[in-house]
$ cat protein_10.txt   # compact mmCIF, C-alpha atoms
# COMPACT_ATOMS: atom_id res chain seq x y z
CA MET A 263 -54.84 2.20 -85.90
CA ILE A 264 -51.62 3.27 -84.21
CA VAL A 265 -49.77 6.25 -85.69
CA LYS A 266 -46.29 5.30 -86.88
CA PRO A 267 -43.34 7.48 -88.02
CA ILE A 268 -43.17 5.84 -91.44
CA ILE A 269 -41.18 8.54 -93.24
CA PHE A 270 -38.62 8.78 -90.43
CA ASP A 271 -38.16 5.01 -90.55
CA ASN A 272 -37.89 5.08 -94.35
CA ILE A 273 -35.14 7.71 -94.14
CA LEU A 274 -33.21 5.63 -91.59
CA PHE A 275 -33.68 2.17 -93.09
CA GLY A 276 -35.39 2.40 -96.49
CA GLU A 277 -35.36 3.93 -99.93
CA LEU A 278 -35.12 7.49 -98.65
CA ALA A 279 -31.75 7.04 -96.91
CA PRO A 280 -29.70 10.10 -97.99
CA TRP A 281 -26.45 8.10 -97.95
CA LYS A 282 -27.72 5.89 -100.78
CA PRO A 283 -25.99 6.81 -104.08
CA GLU A 284 -29.30 7.13 -105.95
CA ASN A 285 -30.48 9.80 -103.48
CA THR A 286 -27.50 12.09 -104.04
CA ASN A 287 -28.75 13.10 -107.52
CA GLU A 288 -29.78 16.72 -107.10
CA THR A 289 -31.42 16.79 -110.53
CA MET A 290 -33.88 14.12 -109.41
CA PHE A 291 -34.95 16.17 -106.40
CA ARG A 292 -35.23 19.32 -108.52
CA ASP A 293 -37.83 17.49 -110.63
CA ILE A 294 -39.62 15.98 -107.62
CA LEU A 295 -39.99 19.36 -105.94
CA ASN A 296 -42.32 20.69 -108.61
CA ASN A 297 -44.61 23.68 -108.19
CA GLN A 298 -47.49 21.69 -106.71
CA VAL A 299 -45.26 20.28 -103.99
CA ARG A 300 -43.75 23.66 -103.16
CA VAL A 301 -47.04 25.54 -103.16
CA ASN A 302 -48.62 23.02 -100.80
CA LYS A 303 -45.67 22.36 -98.50
CA ASP A 304 -47.57 23.74 -95.50
CA LYS A 305 -50.85 22.00 -96.38
CA PRO A 306 -50.30 18.34 -95.44
CA GLU A 307 -53.24 16.81 -97.31
CA LYS A 308 -52.43 18.48 -100.64
CA TYR A 309 -48.69 18.22 -100.04
CA PHE A 310 -48.69 14.45 -99.70
CA LYS A 311 -50.93 13.98 -102.72
CA ALA A 312 -48.65 16.19 -104.79
CA LEU A 313 -45.55 14.44 -103.44
CA LEU A 314 -46.87 10.95 -104.12
CA ASN A 315 -47.75 12.00 -107.66
CA SER A 316 -44.33 13.58 -108.23
CA VAL A 317 -42.31 10.52 -107.15
CA LYS A 318 -44.30 7.94 -109.10
CA ASP A 319 -41.78 7.98 -111.98
CA TYR A 320 -38.82 7.43 -109.64
CA SER A 321 -37.55 4.48 -107.63
CA ILE A 322 -38.79 6.03 -104.38
CA ASN A 323 -42.01 4.32 -103.33
CA LEU A 324 -43.63 6.28 -100.51
CA LYS A 325 -46.20 4.27 -98.58
CA ILE A 326 -47.84 6.58 -96.10
CA ASP A 327 -50.65 5.46 -93.81
CA LEU A 328 -53.29 7.81 -92.49
CA LEU A 329 -52.95 10.56 -95.07
CA PRO A 330 -54.29 13.74 -93.46
CA ASN A 331 -57.84 14.60 -94.43
CA SER A 332 -59.96 17.62 -93.61
CA GLU A 333 -60.91 16.15 -90.24
CA ARG A 334 -57.29 15.56 -89.28
CA ILE A 335 -56.32 19.06 -90.34
CA ALA A 336 -59.12 20.48 -88.20
CA ASN A 337 -57.85 18.47 -85.24
CA LEU A 338 -54.32 19.62 -85.94
CA ALA A 339 -55.53 23.22 -85.65
CA LYS A 340 -56.91 22.38 -82.20
CA PHE A 341 -53.58 20.79 -81.35
CA ALA A 342 -51.76 23.97 -82.36
CA GLU A 343 -54.03 26.09 -80.19
CA MET A 344 -53.05 24.06 -77.11
CA GLN A 345 -49.29 23.99 -77.62
CA THR A 346 -46.77 26.53 -76.48
CA ASP A 347 -44.19 28.08 -78.78
CA PHE A 348 -41.83 25.49 -80.27
CA SER A 349 -40.58 27.69 -83.12
CA SER A 350 -37.03 27.75 -81.71
CA LEU A 351 -36.75 24.04 -82.56
CA ALA A 352 -36.70 24.63 -86.30
CA ILE A 353 -34.62 22.78 -88.88
CA PRO A 354 -31.65 24.91 -90.11
CA PRO A 355 -31.96 26.36 -93.67
CA PHE A 356 -31.49 23.90 -96.55
CA TYR A 357 -28.61 24.52 -98.95
CA ASN A 358 -29.59 22.74 -102.21
CA LYS A 359 -32.48 20.88 -103.87
CA SER A 360 -31.72 17.60 -102.12
CA SER A 361 -31.70 19.16 -98.66
CA GLU A 362 -34.83 21.16 -99.56
CA PHE A 363 -36.62 17.91 -100.42
CA TYR A 364 -35.69 16.29 -97.11
CA THR A 365 -36.60 19.46 -95.17
CA CYS A 366 -40.08 19.45 -96.72
CA LEU A 367 -40.46 15.73 -96.12
CA ILE A 368 -39.37 15.84 -92.46
CA ASN A 369 -41.44 18.92 -91.63
CA ASN A 370 -44.54 17.39 -93.14
CA GLU A 371 -43.99 14.05 -91.43
CA ASN A 372 -44.00 15.99 -88.16
CA ILE A 373 -47.29 17.63 -89.17
CA ARG A 374 -48.79 14.34 -90.35
CA LEU A 375 -47.98 12.55 -87.10
CA ARG A 376 -49.44 15.33 -84.95
CA ALA A 377 -52.57 15.51 -87.09
CA ALA A 378 -53.13 11.75 -87.05
CA LEU A 379 -52.53 11.54 -83.30
CA ALA A 380 -54.92 14.43 -82.62
CA THR A 381 -57.58 12.63 -84.65
CA ASN A 382 -57.06 9.27 -82.94
CA VAL A 383 -57.17 10.82 -79.47
CA SER A 384 -60.33 12.76 -80.26
CA LYS A 385 -62.01 9.58 -81.51
CA ALA A 386 -60.91 7.38 -78.61
CA LYS A 387 -63.88 6.63 -76.35
CA THR A 388 -62.06 6.02 -73.06
CA VAL A 389 -59.12 7.51 -71.18
CA ILE A 390 -57.29 4.20 -71.52
CA ASP A 391 -57.73 4.27 -75.30
CA LYS A 392 -56.48 7.85 -75.48
CA GLU A 393 -53.42 7.01 -73.41
CA TYR A 394 -52.80 3.95 -75.58
CA GLN A 395 -52.67 6.12 -78.71
CA VAL A 396 -50.28 8.67 -77.17
CA VAL A 397 -47.99 6.18 -75.44
CA SER A 398 -47.81 3.95 -78.54
CA LEU A 399 -46.57 6.82 -80.69
CA LEU A 400 -44.09 7.91 -78.01
CA LYS A 401 -42.70 4.37 -77.83
CA ASN A 402 -42.26 4.34 -81.60
CA LEU A 403 -40.51 7.70 -81.36
CA ASP A 404 -38.31 6.35 -78.53
CA TYR A 405 -37.06 3.68 -80.94
CA THR A 406 -36.56 6.18 -83.76
CA ILE A 407 -34.63 8.56 -81.49
CA GLU A 408 -32.39 5.71 -80.38
CA GLN A 409 -31.79 4.59 -83.98
CA VAL A 410 -31.06 8.06 -85.39
CA SER A 411 -28.50 8.55 -82.62
CA GLN A 412 -26.58 5.51 -83.88
CA LYS A 413 -26.27 6.72 -87.48
CA THR A 414 -23.03 8.51 -88.37
CA TYR A 415 -22.12 9.74 -91.85
CA ASN A 416 -19.55 12.32 -92.89
CA ASP A 417 -21.08 13.56 -96.14
CA LYS A 418 -22.89 16.91 -96.01
CA LEU A 419 -26.37 15.71 -97.06
CA SER A 420 -26.53 12.77 -94.65
CA THR A 421 -25.31 14.95 -91.78
CA PHE A 422 -27.90 17.61 -92.60
CA VAL A 423 -30.75 15.07 -92.82
CA LEU A 424 -29.82 13.30 -89.57
CA ASN A 425 -29.59 16.61 -87.73
CA ALA A 426 -32.92 17.72 -89.20
CA MET A 427 -34.50 14.48 -87.99
CA LYS A 428 -33.04 14.91 -84.50
CA ILE A 429 -34.47 18.42 -84.22
CA SER A 430 -37.84 17.37 -85.61
CA LEU A 431 -38.08 14.33 -83.31
CA THR A 432 -37.17 16.42 -80.26
CA ARG A 433 -39.80 19.00 -81.17
CA LEU A 434 -42.48 16.40 -81.88
CA TYR A 435 -41.78 14.52 -78.65
CA GLU A 436 -41.96 17.69 -76.54
CA GLU A 437 -45.10 18.90 -78.34
CA ILE A 438 -46.88 15.65 -77.58
CA LYS A 439 -45.81 15.80 -73.93
CA SER A 440 -46.99 19.41 -73.72
CA VAL A 441 -50.40 18.83 -75.30
CA TYR A 442 -51.20 15.46 -73.71
CA PRO A 443 -49.54 15.52 -70.26
CA GLN A 444 -52.37 13.41 -68.79
CA PHE A 445 -51.85 10.61 -71.33
CA ILE A 446 -48.06 10.29 -71.68
CA GLY A 447 -47.65 7.59 -69.03
CA SER A 448 -44.65 7.24 -66.75
CA GLU A 449 -42.10 6.03 -69.28
CA ALA A 450 -41.89 9.05 -71.59
CA LEU A 451 -38.35 10.26 -72.15
CA SER A 452 -37.37 13.47 -70.37
CA MET A 453 -35.54 16.20 -72.27
CA HIS A 454 -32.40 15.13 -70.38
CA GLU A 455 -32.76 11.58 -71.76
CA ILE A 456 -33.43 12.79 -75.32
CA ILE A 457 -30.32 14.95 -75.20
CA ASN A 458 -28.26 11.96 -74.04
CA PHE A 459 -29.35 10.15 -77.19
CA ILE A 460 -29.20 12.77 -79.93
CA ALA A 461 -26.71 15.32 -78.55
CA PRO A 462 -24.24 13.52 -76.27
CA ASP A 463 -21.80 16.45 -76.58
CA PHE A 464 -24.49 18.92 -75.52
CA ASP A 465 -22.48 20.66 -72.79
CA GLN A 466 -19.56 21.30 -75.14
CA GLU A 467 -21.64 22.30 -78.18
CA LYS A 468 -24.64 24.18 -76.80
CA ASN A 469 -23.03 27.55 -77.57
CA VAL A 470 -21.91 26.60 -81.09
CA GLN A 471 -24.47 28.00 -83.53
CA ASN A 472 -26.29 25.76 -86.03
CA THR A 473 -25.61 22.58 -84.05
CA CYS A 474 -28.39 20.41 -82.63
CA SER A 475 -27.07 21.21 -79.17
CA TYR A 476 -27.35 24.96 -79.78
CA LEU A 477 -30.93 24.75 -81.06
CA ILE A 478 -31.99 22.55 -78.15
CA SER A 479 -30.33 24.88 -75.63
CA GLN A 480 -32.21 27.84 -77.17
CA PHE A 481 -35.44 25.89 -76.91
CA ILE A 482 -34.79 25.03 -73.26
CA GLU A 483 -34.08 28.68 -72.45
CA SER A 484 -37.28 29.81 -74.17
CA ARG A 485 -39.29 27.19 -72.32
CA GLN A 486 -37.84 28.24 -68.97
CA SER A 487 -39.27 31.72 -69.51
CA ILE A 488 -42.81 30.30 -69.83
CA PRO A 489 -44.73 29.90 -66.54
CA VAL A 490 -45.20 26.22 -65.81
CA LYS A 491 -48.61 25.06 -64.65
CA ASP A 492 -48.81 22.94 -61.53
CA ASP A 493 -45.09 22.96 -60.87
CA LYS A 494 -45.51 21.78 -57.28
CA PRO A 495 -43.81 18.57 -56.14
CA ILE A 496 -45.99 15.52 -55.66
CA THR A 497 -47.17 15.50 -52.08
CA GLY A 498 -50.13 14.53 -49.95
CA ILE A 499 -52.33 11.47 -50.03
CA LEU A 500 -52.28 8.99 -52.89
CA PRO A 501 -55.40 7.06 -54.01
CA ALA A 502 -55.96 4.04 -51.79
CA ASP A 503 -55.56 1.52 -54.61
CA MET A 504 -52.24 3.03 -55.70
CA ALA A 505 -50.75 4.18 -52.39
CA TYR A 506 -48.64 1.11 -51.65
CA CYS A 507 -47.73 -0.16 -55.12
CA SER A 508 -44.35 1.53 -55.46
CA PHE A 509 -42.47 4.62 -54.40
CA THR A 510 -43.29 8.06 -55.87
CA TYR A 511 -40.41 10.44 -56.42
CA LYS A 512 -41.55 13.86 -55.20
CA HIS A 513 -40.05 15.76 -58.14
CA LEU A 514 -41.10 13.27 -60.82
CA SER A 515 -42.89 15.92 -62.89
CA THR A 516 -40.00 18.40 -62.89
CA GLN A 517 -36.78 16.41 -62.49
CA PRO A 518 -37.36 12.87 -63.78
CA GLU A 519 -33.78 12.69 -65.06
CA TYR A 520 -32.57 12.28 -61.47
CA ILE A 521 -34.08 8.78 -61.45
CA LYS A 522 -31.72 7.95 -64.31
CA ASP A 523 -28.79 9.28 -62.27
CA LEU A 524 -29.83 7.04 -59.37
CA PHE A 525 -30.13 4.08 -61.74
CA ASP A 526 -26.63 4.64 -63.11
CA SER A 527 -25.16 4.95 -59.61
CA LEU A 528 -26.78 1.80 -58.22
CA LYS A 529 -25.87 -0.16 -61.33
CA SER A 530 -22.23 0.96 -61.42
CA ASN A 531 -21.83 0.00 -57.75
CA GLN A 532 -23.47 -3.38 -58.37
CA PHE A 533 -26.41 -2.87 -56.02
CA ILE A 534 -28.83 -3.81 -58.82
CA ASN A 535 -28.46 -6.41 -61.54
CA LYS A 536 -26.32 -5.29 -64.49
CA SER A 537 -29.03 -6.41 -66.95
CA THR A 538 -31.66 -4.13 -65.38
CA ILE A 539 -33.48 -1.99 -67.97
CA TYR A 540 -34.00 1.66 -67.07
CA THR A 541 -37.72 1.68 -67.89
CA ASP A 542 -38.21 -1.19 -65.42
CA PHE A 543 -36.22 0.65 -62.76
CA LYS A 544 -38.13 3.89 -63.33
CA LYS A 545 -41.41 2.11 -62.59
CA VAL A 546 -40.26 1.73 -58.98
CA PHE A 547 -40.47 5.53 -58.51
CA VAL A 548 -43.64 6.58 -60.34
CA GLY A 549 -46.36 5.30 -58.01
CA ASP A 550 -47.68 2.61 -60.38
CA GLN A 551 -47.80 -1.12 -59.96
CA VAL A 552 -44.44 -2.78 -60.61
CA GLN A 553 -44.84 -5.64 -63.07
CA LYS A 554 -41.15 -6.53 -63.18
CA PRO A 555 -39.36 -6.06 -59.81
CA VAL A 556 -35.74 -4.93 -59.91
CA ILE A 557 -33.16 -7.54 -58.92
CA TRP A 558 -31.23 -6.25 -55.90
CA THR A 559 -27.74 -7.74 -56.04
CA GLY A 560 -26.54 -6.08 -52.85
CA ASN A 561 -27.24 -7.72 -49.52
CA ILE A 562 -30.41 -7.23 -47.47
CA SER A 563 -28.84 -4.71 -45.07
CA GLU A 564 -27.85 -2.55 -48.07
CA LEU A 565 -31.41 -2.59 -49.39
CA HIS A 566 -32.67 -1.69 -45.90
CA TYR A 567 -30.34 1.31 -45.69
CA PHE A 568 -31.16 2.44 -49.25
CA ILE A 569 -34.90 2.46 -48.50
CA LYS A 570 -34.26 4.24 -45.21
CA LEU A 571 -32.23 6.91 -47.01
CA ILE A 572 -34.77 7.74 -49.74
CA HIS A 573 -37.85 7.45 -47.51
CA ASN A 574 -36.96 8.30 -43.91
CA ILE A 575 -33.79 10.42 -44.06
CA ASN A 576 -33.72 12.31 -47.37
CA LYS A 577 -37.52 12.17 -47.82
CA SER A 578 -37.09 12.03 -51.59
CA VAL A 579 -40.27 9.99 -52.06
CA VAL A 580 -43.85 10.47 -50.90
CA ASP A 581 -44.43 9.36 -47.30
CA LEU A 582 -45.82 5.81 -47.25
CA LYS A 583 -46.89 5.88 -43.58
CA GLN A 584 -44.75 2.95 -42.41
CA HIS A 585 -45.54 0.92 -45.54
CA GLN A 586 -42.10 1.53 -47.10
CA TRP A 587 -40.86 -1.99 -46.25
CA GLU A 588 -43.94 -3.58 -47.78
CA VAL A 589 -43.47 -1.50 -50.93
CA ALA A 590 -39.74 -2.31 -51.05
CA CYS A 591 -40.60 -6.02 -51.14
CA LYS A 592 -42.86 -5.39 -54.14
CA CYS A 593 -40.24 -3.35 -55.99
CA PHE A 594 -37.08 -5.39 -55.37
CA ILE A 595 -36.37 -9.13 -55.40
CA LYS A 596 -33.37 -11.33 -54.64
CA PRO A 597 -31.04 -12.58 -57.41
CA ASP A 598 -32.69 -16.01 -57.26
CA GLY A 599 -36.08 -14.42 -57.93
CA SER A 600 -37.46 -14.89 -54.43
CA ALA A 601 -39.02 -12.10 -52.39
CA PHE A 602 -37.48 -10.29 -49.45
CA ASP A 603 -39.14 -10.83 -46.08
CA ARG A 604 -40.72 -7.59 -44.89
CA ALA A 605 -40.03 -8.11 -41.16
CA GLN A 606 -36.45 -9.19 -41.79
CA LEU A 607 -35.82 -6.24 -44.13
CA LYS A 608 -37.17 -3.77 -41.60
CA GLU A 609 -34.90 -4.99 -38.77
CA GLN A 610 -31.56 -4.72 -40.61
CA LYS A 611 -28.71 -2.47 -39.51
CA LYS A 612 -26.69 0.13 -41.43
CA PRO A 613 -24.01 -1.60 -43.55
CA LYS A 614 -20.74 0.05 -42.52
CA ALA A 615 -18.68 -1.06 -45.51
CA THR A 616 -21.00 0.32 -48.21
CA ALA A 617 -22.96 3.03 -46.38
CA ALA A 618 -21.08 5.87 -48.10
CA LEU A 619 -21.77 4.44 -51.56
CA LEU A 620 -25.48 4.12 -50.80
CA GLU A 621 -25.62 7.64 -49.40
CA LYS A 622 -23.99 9.02 -52.53
CA ALA A 623 -26.43 7.11 -54.74
CA ALA A 624 -29.50 8.16 -52.75
CA LYS A 625 -28.48 11.83 -53.03
CA GLN A 626 -29.20 11.62 -56.77
CA LEU A 627 -32.91 11.93 -55.96
CA GLN A 628 -32.61 15.16 -53.98

$ encode --input "protein_10.txt" --output "C-alpha cells"
Amino acid sequence: MIVKPIIFDNILFGELAPWKPENTNETMFRDILNNQVRVNKDKPEKYFKALLNSVKDYSINLKIDLLPNSERIANLAKFAEMQTDFSSLAIPPFYNKSSEFYTCLINNENIRLRAALATNVSKAKTVIDKEYQVVSLLKNLDYTIEQVSQKTYNDKLSTFVLNAMKISLTRLYEEIKSVYPQFIGSEALSMHEIINFIAPDFDQEKNVQNTCSYLISQFIESRQSIPVKDDKPITGILPADMAYCSFTYKHLSTQPEYIKDLFDSLKSNQFINKSTIYTDFKKVFVGDQVQKPVIWTGNISELHYFIKLIHNINKSVVDLKQHQWEVACKCFIKPDGSAFDRAQLKEQKKPKATAALLEKAAKQLQ
C-alpha cells in the first residue's frame, strides 16, 4: 500500500481546514487535547489512538491509514539514525489551544509518514519496489506542496497552520531525499523548486525571523556546514544500455535547479512548446530514457546550435562520444510530432539571428 499524506490533505480540503468556522472554537480543541493526547504526543502509535478516541464525540472524523505499530516505530528509529540534523526546520511555537492541536497533528503526521515509508521500503523485495514506494510518496508530497502554496488566508490560525505545513512538508521532503538518495528518482523537487512554491518571497524574507523563508534559510546554512558525500560532478562512462538515451547534466546531483532555469529560458524565447511540462523537460538531462520527447518549436539550425553549445562548447553534459545528434533526435521532436533527421541536424550552421539567445539560455547549465 502506498503511503499518503492523509492528514495534510484533510487540513487543506477536508474537515480539519482551520478556516472553517467550526474549527475556530478553542474550547473544542482544549477538550480534544486531553492528558492522554499530550502525554503521548511524541509516541505516534499511542498518540493516534488517543487522538482518535478524543475526537469521536466531535464532527471531526479522522480516517488514518497505516497507523504506526511497533514494527513501524522500530523502522522509524532506523530512519532517524540515518538522517542528518533537521531540527532547524521546526514549526514555530503555538500560541493557543487551537494552534497547539494543529502543531501536534502536523508533527505526528510527519512522523507517521516517515514510519510508514520506512516500513514499506524495508519490506519491499526489489529495488524497483523500494523506489516505487519512495517516489510515490514524493509525488503525493509534490501535489500537497503545490496545493498548500495556493492557499491564502489572513486570519491568524489559518496563517499559522499553513506555515506549519510548509515547514513540515519541506522537512519531510528533504529527510526522505537524505535517507533514500538511491530511490528518489530523477523527478524529485530540489530545494530551489520547493522554495519557489512555498516561499516565493524567499530572497526578501529570509532574514525576517519567524517566517518560513527565515527557517528555510537557517536550515540551508546548517546543511552547508555538513560535509556532503560524493559531491563530485557526474563524469566518466555511463552504462552501455543507458549511455545514449538522453543527456546527463554534469551537476545534476548538486545544482538541479539550473535545469529549471534553462527550461524557463527556452520556453520564454519560444524554442520549446509553451505547453511543455517541466518534469518532461527535466528527463532530457538525467540520463534516463525519454518517454515523452520535448517539442522543439525553433528551427532545426537552432536545435543544432543548442546541442553544440551544451555538449561541445560549454561541456555542460556528459560526453556522448559523437552520439549527441542521435540523442538529440530522441529527446526533441518537431511540432508536427515527426522526428528530426540525425544527418541533417548534424550538418546545420549557426543561426545568426538567434545565436545570442541560445547562448544565453545554454549558460544556465554552467

$ closest_residue --input "protein_10.txt" --among "A:Lys625, A:Glu609, A:Ser484, A:Ile264" --to "Lys401 (chain A)" --atoms "only C-alpha atoms"
A:Ile264

$ closest_residue --input "protein_10.txt" --among "A:Asp542, A:Glu467, A:Glu621, A:Asp417" --to "Pro280 (chain A)" --atoms "all atoms listed in the file"
A:Asp417

$ closest_residue --input "protein_10.txt" --among "A:Ser527, A:Ser430, A:Thr559, A:Thr388" --to "Ser350 (chain A)" --atoms "all atoms listed in the file"
A:Ser430

$ residues_around --input "protein_10.txt" --residues "region 287-291 of chain A" --least-positions-apart "6" --cutoff "7 Å" --atoms "all atoms listed in the file" --output "PDB file with C-alpha atoms, keeping the file's coordinate frame"
ATOM      1  CA  LYS A 359     -32.480  20.880-103.870  1.00  0.00           C
ATOM      2  CA  SER A 360     -31.720  17.600-102.120  1.00  0.00           C
ATOM      3  CA  PHE A 363     -36.620  17.910-100.420  1.00  0.00           C
TER       4      PHE A 363
END

$ residues_around --input "protein_10.txt" --residues "Gln409 (chain A)" --least-positions-apart "5" --cutoff "10 Å" --atoms "only C-alpha atoms" --output "number ranges by chain"
A: 271, 274-275, 403-404, 459-460

$ closest_residue --input "protein_10.txt" --among "A:Asp526, A:Glu588, A:Glu437, A:Asp463" --to "Ser508 (chain A)" --atoms "only C-alpha atoms"
A:Glu588

$ atom_distance --input "protein_10.txt" --atom1 "CA of Ala426 (chain A)" --atom2 "CA of Ile407 (chain A)"
12.1 Å

$ residues_around --input "protein_10.txt" --residues "Cys474 (chain A)" --least-positions-apart "5" --cutoff "8 Å" --atoms "only C-alpha atoms" --output "PyMOL selection string"
chain A and resi 425+428-429+461+468

$ atom_distance --input "protein_10.txt" --atom1 "CA of Pro597 (chain A)" --atom2 "CA of Gln626 (chain A)"
24.3 Å

$ atom_distance --input "protein_10.txt" --atom1 "CA of Arg604 (chain A)" --atom2 "CA of Phe568 (chain A)"
14.5 Å

$ residues_near_point --input "protein_10.txt" --point "(-45.6, 10.1, -83.5)" --cutoff "10 Å" --atoms "all atoms listed in the file" --output "count of residues only"
30

$ closest_residue --input "protein_10.txt" --among "A:Trp281, A:Tyr520, A:Tyr540, A:Phe594" --to "Phe422 (chain A)" --atoms "all atoms listed in the file"
A:Trp281

$ residues_around --input "protein_10.txt" --residues "Asn458 (chain A)" --least-positions-apart "3" --cutoff "12 Å" --atoms "only C-alpha atoms" --output "JSON, numbers by chain"
{"A": [407, 408, 411, 412, 428, 432, 451, 452, 453, 454, 455, 461, 462, 463, 464, 465, 475, 478, 519, 522]}

$ closest_residue --input "protein_10.txt" --among "A:Leu477, A:Ile456, A:Leu295, A:Val556" --to "Phe348 (chain A)" --atoms "all atoms listed in the file"
A:Leu477

$ residues_around --input "protein_10.txt" --residues "Lys544 (chain A)" --least-positions-apart "6" --cutoff "12 Å" --atoms "all atoms listed in the file" --output "MDAnalysis selection string"
chainID A and resid 447:452 508:511 514 518:526 538 550:556 593
